[in-house]
$ cat final_3.cif   # mmCIF, C-alpha atoms (C1' of nucleotides)
data_query
#
loop_
_atom_site.label_atom_id
_atom_site.label_comp_id
_atom_site.auth_asym_id
_atom_site.auth_seq_id
_atom_site.Cartn_x
_atom_site.Cartn_y
_atom_site.Cartn_z
CA MET A 33 21.23 2.72 -9.72
CA ASP A 34 21.96 0.10 -12.25
CA GLU A 35 22.94 1.57 -15.61
CA THR A 36 24.69 -1.71 -16.25
CA ARG A 37 21.42 -3.35 -17.16
CA ARG A 38 19.62 -2.75 -20.46
CA PRO A 39 22.81 -2.30 -22.43
CA ASP A 40 21.66 -2.63 -26.00
CA ILE A 41 18.93 -0.28 -27.07
CA ALA A 42 19.84 -0.50 -30.73
CA GLY A 43 19.65 -4.28 -30.46
CA GLN A 44 16.27 -4.20 -28.79
CA LEU A 45 14.96 -1.86 -31.44
CA ALA A 46 16.20 -4.13 -34.20
CA GLU A 47 14.66 -7.13 -32.53
CA ALA A 48 11.39 -5.27 -32.14
CA GLU A 49 11.45 -4.32 -35.78
CA ALA A 50 11.95 -7.95 -36.76
CA ARG A 51 9.29 -9.14 -34.37
CA CYS A 52 6.72 -6.72 -35.73
CA ALA A 53 7.56 -7.57 -39.30
CA ALA A 54 7.20 -11.26 -38.54
CA ARG A 55 3.79 -10.66 -37.03
CA GLY A 56 2.58 -8.36 -39.75
CA GLY A 57 2.70 -5.23 -37.62
CA ARG A 58 4.24 -1.92 -38.60
CA LEU A 59 6.65 -0.35 -36.17
CA THR A 60 6.00 3.13 -37.45
CA ARG A 61 8.02 6.20 -36.60
CA LEU A 62 5.75 7.23 -33.75
CA ARG A 63 5.54 3.76 -32.27
CA ARG A 64 9.25 3.39 -32.61
CA ARG A 65 9.85 6.67 -30.85
CA VAL A 66 7.58 5.66 -27.99
CA PHE A 67 9.27 2.29 -27.68
CA GLU A 68 12.71 3.85 -27.83
CA PHE A 69 11.80 6.33 -25.14
CA LEU A 70 10.54 3.55 -22.89
CA LEU A 71 13.75 1.62 -23.49
CA GLN A 72 15.96 4.59 -22.75
CA CYS A 73 14.00 5.45 -19.68
CA GLY A 74 13.99 1.90 -18.37
CA ASN A 75 11.47 2.75 -15.69
CA PRO A 76 7.69 3.02 -15.87
CA VAL A 77 6.52 6.18 -17.63
CA LYS A 78 3.15 7.89 -17.47
CA ALA A 79 1.21 8.37 -20.67
CA TYR A 80 1.08 12.13 -20.30
CA ASP A 81 4.80 12.26 -19.59
CA LEU A 82 5.41 10.39 -22.81
CA GLN A 83 3.24 12.94 -24.50
CA ASP A 84 5.32 15.79 -23.11
CA ALA A 85 8.57 14.10 -23.96
CA LEU A 86 7.73 13.17 -27.52
CA ARG A 87 5.82 16.21 -28.62
CA ILE A 88 7.53 18.47 -31.11
CA PRO A 89 8.07 21.60 -28.99
CA GLY A 90 5.66 23.99 -30.68
CA LYS A 91 2.99 21.50 -31.62
CA ARG A 92 0.46 19.79 -29.46
CA MET A 93 0.05 16.04 -29.32
CA ALA A 94 -3.23 14.49 -28.27
CA PRO A 95 -3.35 11.81 -25.59
CA THR A 96 -4.99 9.46 -28.07
CA THR A 97 -1.84 9.42 -30.09
CA ILE A 98 0.20 8.13 -27.21
CA TYR A 99 -2.41 5.66 -26.05
CA ARG A 100 -2.69 4.18 -29.51
CA ALA A 101 1.04 3.72 -29.80
CA LEU A 102 1.11 2.13 -26.37
CA ASP A 103 -1.72 -0.21 -27.31
CA PHE A 104 0.24 -1.34 -30.30
CA LEU A 105 3.41 -1.95 -28.31
CA ILE A 106 1.54 -3.81 -25.60
CA GLY A 107 -0.33 -5.85 -28.18
CA HIS A 108 2.93 -6.93 -29.75
CA GLY A 109 4.57 -7.80 -26.47
CA LEU A 110 6.98 -4.88 -26.49
CA ALA A 111 5.61 -3.08 -23.46
CA HIS A 112 3.54 -3.59 -20.33
CA ARG A 113 0.94 -1.46 -18.75
CA ILE A 114 1.42 -1.29 -14.97
CA ASP A 115 -2.01 -0.89 -13.46
CA THR A 116 -0.62 -0.18 -10.04
CA LEU A 117 1.10 2.94 -11.31
CA ASN A 118 -0.99 3.86 -14.34
CA ALA A 119 2.28 3.70 -16.19
CA TYR A 120 3.96 1.91 -19.05
CA VAL A 121 7.28 0.15 -19.29
CA ALA A 122 9.28 -1.52 -22.04
CA CYS A 123 9.11 -5.28 -21.91
CA THR A 124 12.50 -6.83 -21.44
CA ASP A 125 11.58 -10.47 -21.90
CA ARG A 126 9.88 -12.53 -24.54
CA HIS A 127 7.49 -14.44 -22.32
CA GLU A 128 7.15 -17.56 -24.38
CA GLY A 129 4.13 -19.23 -22.92
CA HIS A 130 4.40 -17.66 -19.48
CA GLN A 131 2.61 -14.79 -17.91
CA PRO A 132 4.88 -11.84 -17.19
CA VAL A 133 5.47 -10.99 -13.55
CA LEU A 134 6.37 -7.50 -12.44
CA LEU A 135 7.66 -6.39 -9.09
CA VAL A 136 6.41 -2.87 -8.59
CA CYS A 137 7.87 -0.66 -5.91
CA SER A 138 5.17 1.62 -4.55
CA LEU A 139 7.76 3.91 -3.07
CA CYS A 140 10.08 4.78 -5.93
CA GLU A 141 7.64 3.69 -8.63
CA LYS A 142 10.13 1.56 -10.47
CA SER A 143 9.53 -1.95 -11.65
CA VAL A 144 11.46 -5.10 -12.38
CA GLU A 145 10.35 -7.87 -14.65
CA ILE A 146 10.94 -11.40 -13.42
CA ALA A 147 12.41 -13.86 -15.87
CA ASP A 148 10.22 -16.81 -16.71
CA ALA A 149 12.38 -19.32 -14.95
CA ASP A 150 12.16 -17.48 -11.66
CA ALA A 151 8.45 -17.05 -11.94
CA SER A 152 7.52 -20.67 -12.39
CA GLY A 153 5.41 -21.90 -9.53
CA LEU A 154 3.88 -18.50 -9.31
CA THR A 155 1.26 -19.14 -11.91
CA ASP A 156 0.68 -22.79 -11.23
CA ALA A 157 -0.42 -23.22 -7.66
CA ALA A 158 -3.62 -21.91 -6.23
CA LEU A 159 -5.11 -20.94 -9.53
CA ALA A 160 -7.38 -23.96 -9.96
CA GLY A 161 -9.48 -23.23 -12.97
CA PHE A 162 -8.40 -19.65 -13.25
CA LEU A 163 -6.72 -19.06 -16.54
CA ALA A 164 -3.90 -16.63 -15.92
CA ARG A 165 -2.63 -16.03 -19.35
CA THR A 166 -2.82 -12.56 -20.74
CA ASP A 167 -1.55 -9.42 -19.04
CA SER A 168 0.96 -9.33 -16.29
CA ILE A 169 0.96 -10.18 -12.63
CA GLU A 170 1.86 -7.25 -10.47
CA ILE A 171 3.43 -7.74 -7.09
CA LYS A 172 3.46 -4.53 -5.14
CA GLY A 173 5.93 -3.81 -2.42
CA ALA A 174 9.19 -2.09 -1.71
CA CYS A 175 12.35 -2.67 -3.71
CA LYS A 176 15.64 -3.42 -2.02
CA GLN A 177 16.80 0.17 -1.88
CA CYS A 178 13.51 1.60 -0.68
CA ALA A 179 13.06 -1.15 1.87
CA ALA A 180 16.55 -0.41 3.18
CA ASN A 181 15.97 3.33 3.29
CA ALA A 182 12.71 2.90 5.12
CA GLN A 183 14.35 0.68 7.74
CA PRO A 184 15.35 2.51 10.94
CA GLY A 185 19.00 1.58 11.15
CA THR A 186 20.01 0.93 7.56
CA PRO A 187 21.56 3.71 5.48
CA MET B 69 -23.24 -17.73 -9.88
CA ASP B 70 -22.37 -18.56 -6.36
CA GLU B 71 -24.75 -17.00 -3.87
CA THR B 72 -23.73 -19.79 -1.54
CA ARG B 73 -20.54 -18.01 -0.62
CA ARG B 74 -20.36 -14.98 1.66
CA PRO B 75 -23.18 -16.15 3.91
CA ASP B 76 -22.84 -13.99 6.97
CA ILE B 77 -22.92 -10.28 6.37
CA ALA B 78 -24.09 -9.48 9.86
CA GLY B 79 -21.21 -11.51 11.22
CA GLN B 80 -18.68 -9.75 9.02
CA LEU B 81 -20.02 -6.40 10.09
CA ALA B 82 -19.77 -7.32 13.73
CA GLU B 83 -16.25 -8.55 13.26
CA ALA B 84 -15.33 -5.37 11.43
CA GLU B 85 -16.79 -3.32 14.23
CA ALA B 86 -14.70 -5.21 16.76
CA ARG B 87 -11.61 -4.98 14.61
CA CYS B 88 -11.92 -1.23 14.24
CA ALA B 89 -12.57 -0.74 17.92
CA ALA B 90 -9.52 -2.80 18.79
CA ARG B 91 -7.40 -0.68 16.47
CA GLY B 92 -8.79 2.63 17.61
CA GLY B 93 -10.70 3.29 14.42
CA ARG B 94 -14.28 4.43 14.16
CA LEU B 95 -16.53 2.47 11.85
CA THR B 96 -18.88 5.36 11.31
CA ARG B 97 -22.27 5.21 9.66
CA LEU B 98 -20.92 6.15 6.25
CA ARG B 99 -17.97 3.78 6.41
CA ARG B 100 -20.24 1.06 7.62
CA ARG B 101 -22.66 1.65 4.80
CA VAL B 102 -19.84 1.48 2.26
CA PHE B 103 -18.48 -1.69 3.79
CA GLU B 104 -21.90 -3.25 3.96
CA PHE B 105 -22.54 -2.43 0.33
CA LEU B 106 -19.26 -4.01 -0.68
CA LEU B 107 -20.13 -7.09 1.33
CA GLN B 108 -23.59 -7.39 -0.15
CA CYS B 109 -22.29 -6.86 -3.62
CA GLY B 110 -19.47 -9.33 -3.22
CA ASN B 111 -17.86 -8.25 -6.46
CA PRO B 112 -15.58 -5.31 -7.20
CA VAL B 113 -17.43 -2.00 -7.26
CA LYS B 114 -16.40 1.29 -8.85
CA ALA B 115 -16.10 4.33 -6.62
CA TYR B 116 -18.65 6.30 -8.60
CA ASP B 117 -21.08 3.39 -8.53
CA LEU B 118 -20.78 3.34 -4.77
CA GLN B 119 -21.50 7.01 -4.83
CA ASP B 120 -24.66 6.46 -6.85
CA ALA B 121 -25.76 3.56 -4.73
CA LEU B 122 -25.27 5.22 -1.36
CA ARG B 123 -26.42 8.71 -2.12
CA ILE B 124 -29.67 9.77 -0.57
CA PRO B 125 -31.87 10.14 -3.66
CA GLY B 126 -32.34 13.89 -3.75
CA LYS B 127 -28.95 14.89 -2.39
CA ARG B 128 -25.61 14.85 -4.06
CA MET B 129 -22.61 13.08 -2.60
CA ALA B 130 -19.11 14.18 -3.50
CA PRO B 131 -16.57 11.63 -4.70
CA THR B 132 -14.28 12.60 -1.86
CA THR B 133 -16.75 11.19 0.57
CA ILE B 134 -16.56 7.76 -0.99
CA TYR B 135 -12.82 7.80 -1.47
CA ARG B 136 -12.26 8.71 2.14
CA ALA B 137 -14.46 5.93 3.36
CA LEU B 138 -12.67 3.50 1.06
CA ASP B 139 -9.29 4.68 2.31
CA PHE B 140 -10.39 3.96 5.83
CA LEU B 141 -11.65 0.49 5.00
CA ILE B 142 -8.52 -0.36 3.05
CA GLY B 143 -6.33 1.01 5.80
CA HIS B 144 -8.04 -1.23 8.31
CA GLY B 145 -7.85 -4.32 6.15
CA LEU B 146 -11.56 -4.45 5.40
CA ALA B 147 -11.34 -3.84 1.68
CA HIS B 148 -8.98 -3.99 -1.24
CA ARG B 149 -8.46 -1.66 -4.12
CA ILE B 150 -8.14 -3.57 -7.38
CA ASP B 151 -5.83 -1.55 -9.58
CA THR B 152 -6.59 -3.66 -12.60
CA LEU B 153 -10.22 -2.62 -12.50
CA ASN B 154 -10.10 0.69 -10.67
CA ALA B 155 -12.54 -0.93 -8.32
CA TYR B 156 -12.96 -1.86 -4.68
CA VAL B 157 -13.95 -5.09 -3.03
CA ALA B 158 -14.63 -6.22 0.51
CA CYS B 159 -11.78 -8.20 1.99
CA THR B 160 -12.85 -11.68 2.94
CA ASP B 161 -9.73 -12.83 4.75
CA ARG B 162 -7.61 -11.59 7.61
CA HIS B 163 -4.22 -11.89 6.00
CA GLU B 164 -2.16 -12.47 9.08
CA GLY B 165 1.35 -11.86 7.91
CA HIS B 166 0.73 -12.71 4.28
CA GLN B 167 0.18 -10.52 1.28
CA PRO B 168 -3.31 -10.83 -0.17
CA VAL B 169 -3.57 -12.38 -3.61
CA LEU B 170 -6.48 -11.58 -5.90
CA LEU B 171 -7.46 -13.37 -9.06
CA VAL B 172 -9.06 -10.78 -11.28
CA CYS B 173 -11.07 -11.79 -14.32
CA SER B 174 -10.62 -9.20 -17.04
CA LEU B 175 -13.71 -10.45 -18.82
CA CYS B 176 -16.46 -10.41 -16.20
CA GLU B 177 -14.57 -8.07 -13.87
CA LYS B 178 -15.09 -10.22 -10.82
CA SER B 179 -12.40 -11.19 -8.37
CA VAL B 180 -11.57 -13.95 -5.97
CA GLU B 181 -9.31 -13.69 -2.98
CA ILE B 182 -6.91 -16.56 -2.41
CA ALA B 183 -6.63 -17.87 1.11
CA ASP B 184 -3.23 -17.52 2.71
CA ALA B 185 -2.46 -21.20 2.69
CA ASP B 186 -2.96 -21.46 -1.03
CA ALA B 187 -0.84 -18.44 -1.71
CA SER B 188 2.26 -19.53 0.12
CA GLY B 189 5.14 -20.03 -2.25
CA LEU B 190 3.77 -17.24 -4.30
CA THR B 191 5.50 -14.53 -2.40
CA ASP B 192 8.63 -16.40 -1.46
CA ALA B 193 10.43 -17.43 -4.60
CA ALA B 194 11.84 -15.02 -7.08
CA LEU B 195 11.46 -11.99 -4.92
CA ALA B 196 15.04 -11.84 -3.66
CA GLY B 197 15.31 -8.59 -1.78
CA PHE B 198 11.96 -7.31 -2.89
CA LEU B 199 9.74 -6.75 0.07
CA ALA B 200 6.25 -7.72 -0.96
CA ARG B 201 4.27 -6.79 2.03
CA THR B 202 1.62 -4.18 1.70
CA ASP B 203 -1.13 -4.11 -0.88
CA SER B 204 -2.31 -7.07 -2.83
CA ILE B 205 -0.96 -9.11 -5.67
CA GLU B 206 -3.25 -9.09 -8.66
CA ILE B 207 -3.26 -11.96 -11.09
CA LYS B 208 -5.20 -11.06 -14.19
CA GLY B 209 -6.80 -13.63 -16.40
CA ALA B 210 -10.07 -15.34 -17.11
CA CYS B 211 -12.17 -17.04 -14.46
CA LYS B 212 -13.50 -20.55 -14.95
CA GLN B 213 -16.82 -19.48 -16.38
CA CYS B 214 -15.41 -16.88 -18.72
CA ALA B 215 -12.62 -19.17 -19.86
CA ALA B 216 -15.22 -21.82 -20.62
CA ASN B 217 -17.51 -19.42 -22.43
CA ALA B 218 -14.67 -18.11 -24.51
CA GLN B 219 -13.71 -21.63 -25.57
CA PRO B 220 -15.07 -22.70 -28.97
CA GLY B 221 -16.91 -25.87 -28.02
CA THR B 222 -17.86 -25.31 -24.39
CA PRO B 223 -21.30 -23.96 -23.46
"C1'" DC C 154 -20.97 22.15 28.35
"C1'" DT C 155 -16.70 23.05 26.34
"C1'" DT C 156 -13.09 21.77 23.68
"C1'" DG C 157 -10.19 19.55 20.45
"C1'" DA C 158 -9.75 15.89 17.24
"C1'" DA C 159 -11.77 13.36 13.78
"C1'" DA C 160 -15.11 12.99 10.18
"C1'" DT C 161 -17.94 14.86 6.69
"C1'" DG C 162 -19.73 18.38 3.29
"C1'" DC C 163 -18.73 21.02 -0.49
"C1'" DA C 164 -16.57 23.13 -4.63
"C1'" DA C 165 -13.17 23.04 -7.73
"C1'" DT C 166 -9.83 20.82 -10.42
"C1'" DA C 167 -6.26 17.33 -11.60
"C1'" DA C 168 -4.96 13.03 -13.77
"C1'" DT C 169 -6.04 9.29 -16.70
"C1'" DA C 170 -8.38 7.50 -20.73
"C1'" DT C 171 -11.68 6.94 -24.70
"C1'" DA C 172 -14.93 8.08 -28.63
"C1'" DA C 173 -16.04 9.77 -33.09
"C1'" DC C 174 -14.83 11.42 -37.17
"C1'" DA C 175 -11.55 13.61 -40.59
"C1'" DT C 176 -7.14 13.27 -42.87
"C1'" DA C 177 -2.85 11.33 -44.14
"C1'" DT C 178 0.33 7.58 -45.18
"C1'" DC C 179 1.73 3.56 -47.44
"C1'" DA C 180 1.77 -1.01 -49.77
"C1'" DT C 181 -0.40 -3.11 -53.59
"C1'" DT C 182 -2.55 -3.51 -57.80
"C1'" DT C 183 -3.55 -1.46 -62.12
"C1'" DA D 289 2.87 6.47 -62.05
"C1'" DA D 290 -2.11 6.68 -60.54
"C1'" DA D 291 -5.89 4.46 -58.18
"C1'" DT D 292 -7.37 1.89 -54.39
"C1'" DG D 293 -8.00 0.17 -49.88
"C1'" DA D 294 -6.23 -0.64 -45.53
"C1'" DT D 295 -3.77 1.12 -41.71
"C1'" DA D 296 -2.21 4.89 -39.04
"C1'" DT D 297 -2.44 9.51 -37.36
"C1'" DG D 298 -4.60 14.17 -36.31
"C1'" DT D 299 -8.15 16.69 -33.98
"C1'" DT D 300 -11.77 17.78 -30.90
"C1'" DA D 301 -14.52 16.69 -27.45
"C1'" DT D 302 -15.72 14.21 -23.50
"C1'" DA D 303 -15.77 10.36 -20.11
"C1'" DT D 304 -13.79 8.31 -16.07
"C1'" DT D 305 -11.17 8.24 -11.94
"C1'" DA D 306 -9.15 10.75 -8.13
"C1'" DT D 307 -7.30 14.64 -5.21
"C1'" DT D 308 -6.91 19.26 -2.87
"C1'" DG D 309 -8.33 22.85 0.21
"C1'" DC D 310 -11.27 24.77 3.13
"C1'" DA D 311 -15.76 25.10 5.84
"C1'" DT D 312 -18.77 22.67 8.89
"C1'" DT D 313 -20.34 19.03 11.72
"C1'" DT D 314 -19.97 15.24 14.92
"C1'" DC D 315 -18.47 13.17 18.89
"C1'" DA D 316 -15.80 11.45 22.71
"C1'" DA D 317 -13.04 13.25 26.60
"C1'" DG D 318 -12.25 16.42 29.99
#

$ encode --input "final_3.cif" --output "structure tokens"
Amino acid sequence: MDETRRPDIAGQLAEAEARCAARGGRLTRLRRRVFEFLLQCGNPVKAYDLQDALRIPGKRMAPTTIYRALDFLIGHGLAHRIDTLNAYVACTDRHEGHQPVLLVCSLCEKSVEIADADASGLTDAALAGFLARTDSIEIKGACKQCAANAQPGTP
Amino acid sequence: MDETRRPDIAGQLAEAEARCAARGGRLTRLRRRVFEFLLQCGNPVKAYDLQDALRIPGKRMAPTTIYRALDFLIGHGLAHRIDTLNAYVACTDRHEGHQPVLLVCSLCEKSVEIADADASGLTDAALAGFLARTDSIEIKGACKQCAANAQPGTP
DNA sequence: CTTGAAATGCAATAATATAACATATCATTT
DNA sequence: AAATGATATGTTATATTATTGCATTTCAAG
């Protein structure tokens, strides 16, 4: 897989910090930990997996806690909820004025975010009167690898 | 709202019957009742609402029953699952070779299916190597009415 | 009419998410 | 530094959505 992508977690964190400050939001310790985990993971993560991962070993952590942190991150454009997977992923783009588009592989349950430039045309045509603005568009399918693996003759 | 659309439930049922027969599937009484309800309703319906609606008053009906019927309908191209809403809707198109596209209003929780012609271009660009084939694409947003109602000056 | 496959009934439970209320944290003003 | 008020978090309970496993029924084919 592609560890070459997402090279700069520290940078992303700093940018997030700045972004929150600018918008009057507080990137608290918990929220920061959730965001950092999503960044490190790179792939969509389930809420209850986040809970397991971030809980201090002995203590319990209520689902609410995680969901609230996720709501904050999503609200500030730092993460997406992927309805197709009931999962959450760090946002890798600042979608200035465009609706985010996610390619979601139903086989390996990974996702890729399309850059704005590539997605133009997607939100324009066919939408007559429908205001596609908030949230993301999810395109379900099979990613390159999974499509290849599923093919009869391709290793 | 638009009662003018979806005029021919009997016709759709007959077509579904034929379609299932041709594919070696059995459109049983239960499945037919579920499909018919989805058709009559026209809008996305929750699984547990289907359960309530289709249950014989005194008796109980297990969720499994509904989910299995829905799986069948989806498998035979007669319905879609809308991940955004955790809901199910009758399919109004026969997507010959194209991936269905649904506009989902997050405000009123209704959906509209885009005809294939209108959706072309949607699945082509930007997908390099990603095989968008099964399932539907969901574009979340606000429908005309809701967008208008949300606007300050528009009644 | 038997038989085997498919469908349904039924009970339990898993996975995902929210509500309501108490407590803690933190920036700001005194 | 203490008081205050807003924001965030903890805690408990519960709602919503979905699946699993096994028993029974239905139904078309032989």

$ resolve_selection --input "final_3.cif" --expression "the PyMOL selection byres ((chain A) within 12 of (chain D))" --output "short mmCIF file (atom, residue, chain, number, x, y, z; two decimals) with C-alpha atoms, keeping the file's coordinate frame"
data_model
loop_
_atom_site.label_atom_id
_atom_site.label_comp_id
_atom_site.auth_asym_id
_atom_site.auth_seq_id
_atom_site.Cartn_x
_atom_site.Cartn_y
_atom_site.Cartn_z
CA GLY A 56 2.58 -8.36 -39.75
CA GLY A 57 2.70 -5.23 -37.62
CA ARG A 58 4.24 -1.92 -38.60
CA LEU A 59 6.65 -0.35 -36.17
CA THR A 60 6.00 3.13 -37.45
CA ARG A 61 8.02 6.20 -36.60
CA LEU A 62 5.75 7.23 -33.75
CA ARG A 63 5.54 3.76 -32.27
CA LYS A 91 2.99 21.50 -31.62
CA ARG A 92 0.46 19.79 -29.46
CA MET A 93 0.05 16.04 -29.32
CA ALA A 94 -3.23 14.49 -28.27
CA PRO A 95 -3.35 11.81 -25.59
CA THR A 96 -4.99 9.46 -28.07
CA THR A 97 -1.84 9.42 -30.09
CA ILE A 98 0.20 8.13 -27.21
CA TYR A 99 -2.41 5.66 -26.05
CA ARG A 100 -2.69 4.18 -29.51
CA ALA A 101 1.04 3.72 -29.80
CA PHE A 104 0.24 -1.34 -30.30
CA ASN A 118 -0.99 3.86 -14.34
#

$ resolve_selection --input "final_3.cif" --expression "the PyMOL selection byres ((chain C) within 12 of (chain A))" --output "list of chain:residue names"
C:DA168, C:DT169, C:DA170, C:DT171, C:DA172, C:DT178, C:DC179, C:DA180

$ atom_distance --input "final_3.cif" --atom1 "atom CA of A:Leu135" --atom2 "atom CA of A:Glu170"
6.0 Å

$ atom_distance --input "final_3.cif" --atom1 "atom CA of B:Leu141" --atom2 "atom CA of A:Val133"
27.7 Å

$ atom_distance --input "final_3.cif" --atom1 "atom CA of A:Arg55" --atom2 "atom CA of A:Asp125"
17.0 Å

$ residues_around --input "final_3.cif" --residues "A:Tyr120" --least-positions-apart "4" --cutoff "12 Å" --atoms "only C-alpha atoms (C1' of nucleotides)" --output "compact mmCIF listing (two decimals) with C-alpha atoms, in the frame of the given file"
# COMPACT_ATOMS: atom_id res chain seq x y z
CA VAL A 66 7.58 5.66 -27.99
CA PHE A 67 9.27 2.29 -27.68
CA PHE A 69 11.80 6.33 -25.14
CA LEU A 70 10.54 3.55 -22.89
CA LEU A 71 13.75 1.62 -23.49
CA CYS A 73 14.00 5.45 -19.68
CA GLY A 74 13.99 1.90 -18.37
CA ASN A 75 11.47 2.75 -15.69
CA PRO A 76 7.69 3.02 -15.87
CA VAL A 77 6.52 6.18 -17.63
CA LYS A 78 3.15 7.89 -17.47
CA ALA A 79 1.21 8.37 -20.67
CA TYR A 80 1.08 12.13 -20.30
CA ASP A 81 4.80 12.26 -19.59
CA LEU A 82 5.41 10.39 -22.81
CA ILE A 98 0.20 8.13 -27.21
CA TYR A 99 -2.41 5.66 -26.05
CA ALA A 101 1.04 3.72 -29.80
CA LEU A 102 1.11 2.13 -26.37
CA ASP A 103 -1.72 -0.21 -27.31
CA LEU A 105 3.41 -1.95 -28.31
CA ILE A 106 1.54 -3.81 -25.60
CA LEU A 110 6.98 -4.88 -26.49
CA ALA A 111 5.61 -3.08 -23.46
CA HIS A 112 3.54 -3.59 -20.33
CA ARG A 113 0.94 -1.46 -18.75
CA ILE A 114 1.42 -1.29 -14.97
CA ASP A 115 -2.01 -0.89 -13.46
CA THR A 116 -0.62 -0.18 -10.04
CA LEU A 134 6.37 -7.50 -12.44
CA VAL A 136 6.41 -2.87 -8.59
CA GLU A 141 7.64 3.69 -8.63
CA LYS A 142 10.13 1.56 -10.47
CA SER A 143 9.53 -1.95 -11.65
CA SER A 168 0.96 -9.33 -16.29

$ closest_residue --input "final_3.cif" --among "A:Lys172, A:Arg65, A:Arg126, A:His108" --to "chain B" --atoms "all atoms listed in the file"
A:Lys172
